[in-house]
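Enquirer: The structure's right below; bear with me while I get my questions together.
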Amino acid sequence: MVDSKRQAKRATRAERRAAEEAALQAQAVQAAKERKQQTIIGIIVVAIVVALVAVIGVVIYRNVTKDSVNADAAYSKMQSVKTQPAKADDKGGFLLSKDGYGKKTADVPTVGIYMEPLCPGCASVNRQLDPTLVKMMNAGQLNLELHFLNFQDNKSSDNYSNRAFNGAIYIAEHDSDPNHLMNYLSNIYADGFQPGELSNYVSVKNSQLEEQAVKAGVSEDVAKAAFSGKNEYVEWLSASNDYTISRPELFSSSGSFSSPTLTINNNYWSLNNITLANTTMVDGFLKAVGLKSDQVGVEGKLPSIGADKKPIDITA
């Protein structure tokens, strides 16, 4: 009887030891499995990170190189348009000076203006700065280079950008006085005429644009033809627009094109500098080209930067 009890106790202890050993073995197996899983997860994470870095690198590379590739393709497309304005240069700009179209005044800055007819900022620049620019142009103190854009055309219900700037191009082509074109631009950018965008857009008839051209000094015949609805320069306008907005040298600090854009002697001139310098647009511009306010419109008084120097830093 005693022997049977002892045998039972031994069996119980043996079972406990076997169970404990089995548990320890199971824990060891589970730990090994978890270490293996962590290793696999670590390898996968590293692989994903490496893959992401590779993908990001490709995207960055493509984005950096895509601009020049797109610019080249857009340039070729612009050059291949059948109906092109004869007075536009090879980059889609119209040069204006005291001597007319395409005749650059020597030894003075050239100011490039890239504008869109629905752009509120373009209207603001036009209202504040253009009167000074026109005075300087007529006095032989600078050349103007106008670039017309239409990328906001879909923000109107009736292709306003296309019609307004097809008309501007027609005026440039068929009216020899650059002041008439500048007056037309001032008229369509005027407070009370420039339409809003999207839900704020109110339809503008061709007859209204024609009226603004006549008020600008354009003959009735040219004005009527400019807004006849033929829109013969729209294909070129769109191609020029696509080329312009893909030119990296015109990109702002955000890395993209925006309107309005101004250049001075082919150097990007940031309008943010006006705020940083705590000055007005006119005073900031005059400082940038090196001309005193009382010299504006005075023949023989030329901006100090001439035709080749970069604009003066007005924030210094």
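Each chain in the structure tokens gets a letter, A, B and so on, in the order shown; residues start at 1 in every chain, and ligands are counted from 1 in the order they appear.
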Can you tell me, as a list in words, what residues are no more than 8 Å from segment 301-315 of chain A when counting only C-alpha atoms, ignoring any on the same chain fewer than 5 positions away?

Expert: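 Neighbouring residues, sequence-local ones excluded: Ala106, Asp107, Val108, Pro109, Thr110, Gln141, Ile264, Asn265, Asn267, Trp269, Asn273, Ile274, Leu276, Ala277, Gly284, Lys287, Ala288, Val289, Gly290, Leu291, Gln295 and Val296 of chain A.
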
Enquirer: Looking only at the backbone, which of the residues in segment 98-221 of chain A does DSSP tag as strand (DSSP E), as an NGL selection string?

Expert: :A and (100-101 or 110-115 or 143-148)

Enquirer: Show which residues sit within 8 Å of Gly93 of chain A, as a CSV table (one decimal) with N, CA, C and O atoms, in the first residue's frame. Count only C-alpha atoms, and ignore same-chain residues fewer than 2 positions away.

Expert:
chain,number,residue,atom,x,y,z
A,88,ALA,N,5.8,88.6,-82.3
A,88,ALA,CA,6.2,87.9,-81.1
A,88,ALA,C,7.6,87.4,-81.3
A,88,ALA,O,8.0,87.0,-82.4
A,89,ASP,N,8.4,87.4,-80.2
A,89,ASP,CA,9.8,86.9,-80.3
A,89,ASP,C,9.7,85.4,-80.1
A,89,ASP,O,8.7,84.8,-79.9
A,90,ASP,N,10.9,84.7,-80.1
A,90,ASP,CA,11.0,83.3,-80.1
A,90,ASP,C,10.5,82.7,-78.7
A,90,ASP,O,10.3,81.5,-78.6
A,91,LYS,N,10.4,83.5,-77.7
A,91,LYS,CA,9.9,83.0,-76.4
A,91,LYS,C,8.5,83.5,-76.1
A,91,LYS,O,8.0,83.4,-75.0
A,95,LEU,N,8.0,92.8,-77.7
A,95,LEU,CA,8.8,93.9,-77.2
A,95,LEU,C,8.3,95.2,-77.6
A,95,LEU,O,7.9,95.5,-78.8
A,145,GLU,N,8.4,94.0,-72.3
A,145,GLU,CA,8.3,92.7,-73.0
A,145,GLU,C,7.0,92.1,-72.4
A,145,GLU,O,7.0,91.6,-71.2
A,146,LEU,N,6.0,92.0,-73.2
A,146,LEU,CA,4.7,91.5,-72.7
A,146,LEU,C,4.5,90.0,-73.1
A,146,LEU,O,4.8,89.6,-74.2
A,147,HIS,N,4.1,89.2,-72.1
A,147,HIS,CA,3.8,87.8,-72.3
A,147,HIS,C,2.3,87.6,-71.9
A,147,HIS,O,2.0,87.8,-70.7
A,148,PHE,N,1.5,87.1,-72.8
A,148,PHE,CA,0.1,86.9,-72.6
A,148,PHE,C,-0.1,85.4,-72.3
A,148,PHE,O,0.3,84.5,-73.0

Enquirer: Could you list, as a ChimeraX atom specification, every residue within 7 Å of segment 113-119 of chain A, counting only C-alpha atoms and ignoring same-chain residues fewer than 6 positions away?

Expert: /A:145-150,152,161,164,194-197,259-263

Enquirer: Selection from above, N, CA and C atoms, as a CSV table (one decimal), in the first residue's frame, can you write it?

Expert:
chain,number,residue,atom,x,y,z
A,145,GLU,N,8.4,94.0,-72.3
A,145,GLU,CA,8.3,92.7,-73.0
A,145,GLU,C,7.0,92.1,-72.4
A,146,LEU,N,6.0,92.0,-73.2
A,146,LEU,CA,4.7,91.5,-72.7
A,146,LEU,C,4.5,90.0,-73.1
A,147,HIS,N,4.1,89.2,-72.1
A,147,HIS,CA,3.8,87.8,-72.3
A,147,HIS,C,2.3,87.6,-71.9
A,148,PHE,N,1.5,87.1,-72.8
A,148,PHE,CA,0.1,86.9,-72.6
A,148,PHE,C,-0.1,85.4,-72.3
A,149,LEU,N,-0.9,85.2,-71.2
A,149,LEU,CA,-1.3,83.9,-70.7
A,149,LEU,C,-2.8,83.6,-70.7
A,150,ASN,N,-3.2,82.4,-70.8
A,150,ASN,CA,-4.6,82.1,-70.8
A,150,ASN,C,-5.0,80.9,-69.9
A,152,GLN,N,-6.2,80.6,-67.0
A,152,GLN,CA,-7.4,80.7,-66.2
A,152,GLN,C,-8.6,80.8,-67.1
A,161,SER,N,-10.5,84.6,-71.1
A,161,SER,CA,-9.0,84.8,-71.3
A,161,SER,C,-8.6,84.7,-72.7
A,164,ALA,N,-10.0,87.9,-74.6
A,164,ALA,CA,-9.3,89.1,-74.2
A,164,ALA,C,-7.9,89.2,-74.7
A,194,GLN,N,-12.7,94.5,-65.0
A,194,GLN,CA,-12.1,93.1,-64.9
A,194,GLN,C,-13.2,92.2,-64.2
A,195,PRO,N,-13.6,91.2,-64.9
A,195,PRO,CA,-14.6,90.2,-64.3
A,195,PRO,C,-13.9,89.4,-63.2
A,196,GLY,N,-14.8,88.8,-62.4
A,196,GLY,CA,-14.3,87.9,-61.3
A,196,GLY,C,-14.0,86.5,-61.9
A,197,GLU,N,-13.8,85.6,-61.0
A,197,GLU,CA,-13.4,84.2,-61.4
A,197,GLU,C,-14.5,83.2,-60.9
A,259,SER,N,1.2,83.9,-61.6
A,259,SER,CA,1.1,85.2,-62.2
A,259,SER,C,0.6,86.2,-61.1
A,260,PRO,N,1.0,87.4,-61.2
A,260,PRO,CA,1.8,88.0,-62.2
A,260,PRO,C,3.3,87.7,-61.9
A,261,THR,N,4.1,87.6,-63.0
A,261,THR,CA,5.5,87.4,-62.9
A,261,THR,C,6.2,88.6,-63.6
A,262,LEU,N,7.2,89.1,-62.9
A,262,LEU,CA,8.0,90.2,-63.5
A,262,LEU,C,9.5,89.8,-63.6
A,263,THR,N,10.1,90.2,-64.7
A,263,THR,CA,11.5,90.1,-64.8
A,263,THR,C,12.2,91.4,-65.1

Enquirer: Write out as a Markdown table the residues of segment 220-261 of chain A that have any atom within 8 Å of an atom of segment 70-75 of chain A, one row each with the nearest atom pair and its distance in Å to one decimal, counting only C-alpha atoms, sorted by chain and then rising number.

Expert:
| residue | atom | partner | partner_atom | distance |
| --- | --- | --- | --- | --- |
| A:Ala239 | CA | A:Ala74 | CA | 6.7 |
| A:Ser240 | CA | A:Tyr75 | CA | 7.6 |
| A:Asp242 | CA | A:Ala74 | CA | 6.1 |
| A:Tyr243 | CA | A:Ala74 | CA | 4.7 |
| A:Thr244 | CA | A:Ala71 | CA | 7.8 |
| A:Ser246 | CA | A:Ala71 | CA | 5.1 |
| A:Arg247 | CA | A:Ala71 | CA | 5.8 |

Enquirer: Please run DSSP on the backbone and report, as a ChimeraX atom specification, all residues within segment 68-298 of chain A that come out as alpha helix (DSSP H).

Expert: /A:68-80,120-138,160-174,178-188,206-215,220-226,234-244,272-276,281-289

Enquirer: Rounded to one decimal in Å, what is the spacing between atom CA of Pro248 of chain A and atom CA of Phe94 of chain A?

Expert: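 Answer for the atom CA of Pro248 of chain A to atom CA of Phe94 of chain A separation: 20.2 Å.
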
Enquirer: Please provide the set of residues having any atom within 12 Å of segment 174-184 of chain A, restricted to only C-alpha atoms, with same-chain residues fewer than 5 positions apart removed, written as a PyMOL selection string.

Expert: chain A and resi 85-87+94-103+113+117+126-127+129-138+143-146+164-165+167-169+189-190+193-194+208-226

Enquirer: Figure out the distance between atom CA of Ser253 of chain A and atom CA of Ser238 of chain A, please, to one decimal in Å.

Expert: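 Atom CA of Ser253 of chain A lies at a distance of 24.7 Å from atom CA of Ser238 of chain A.
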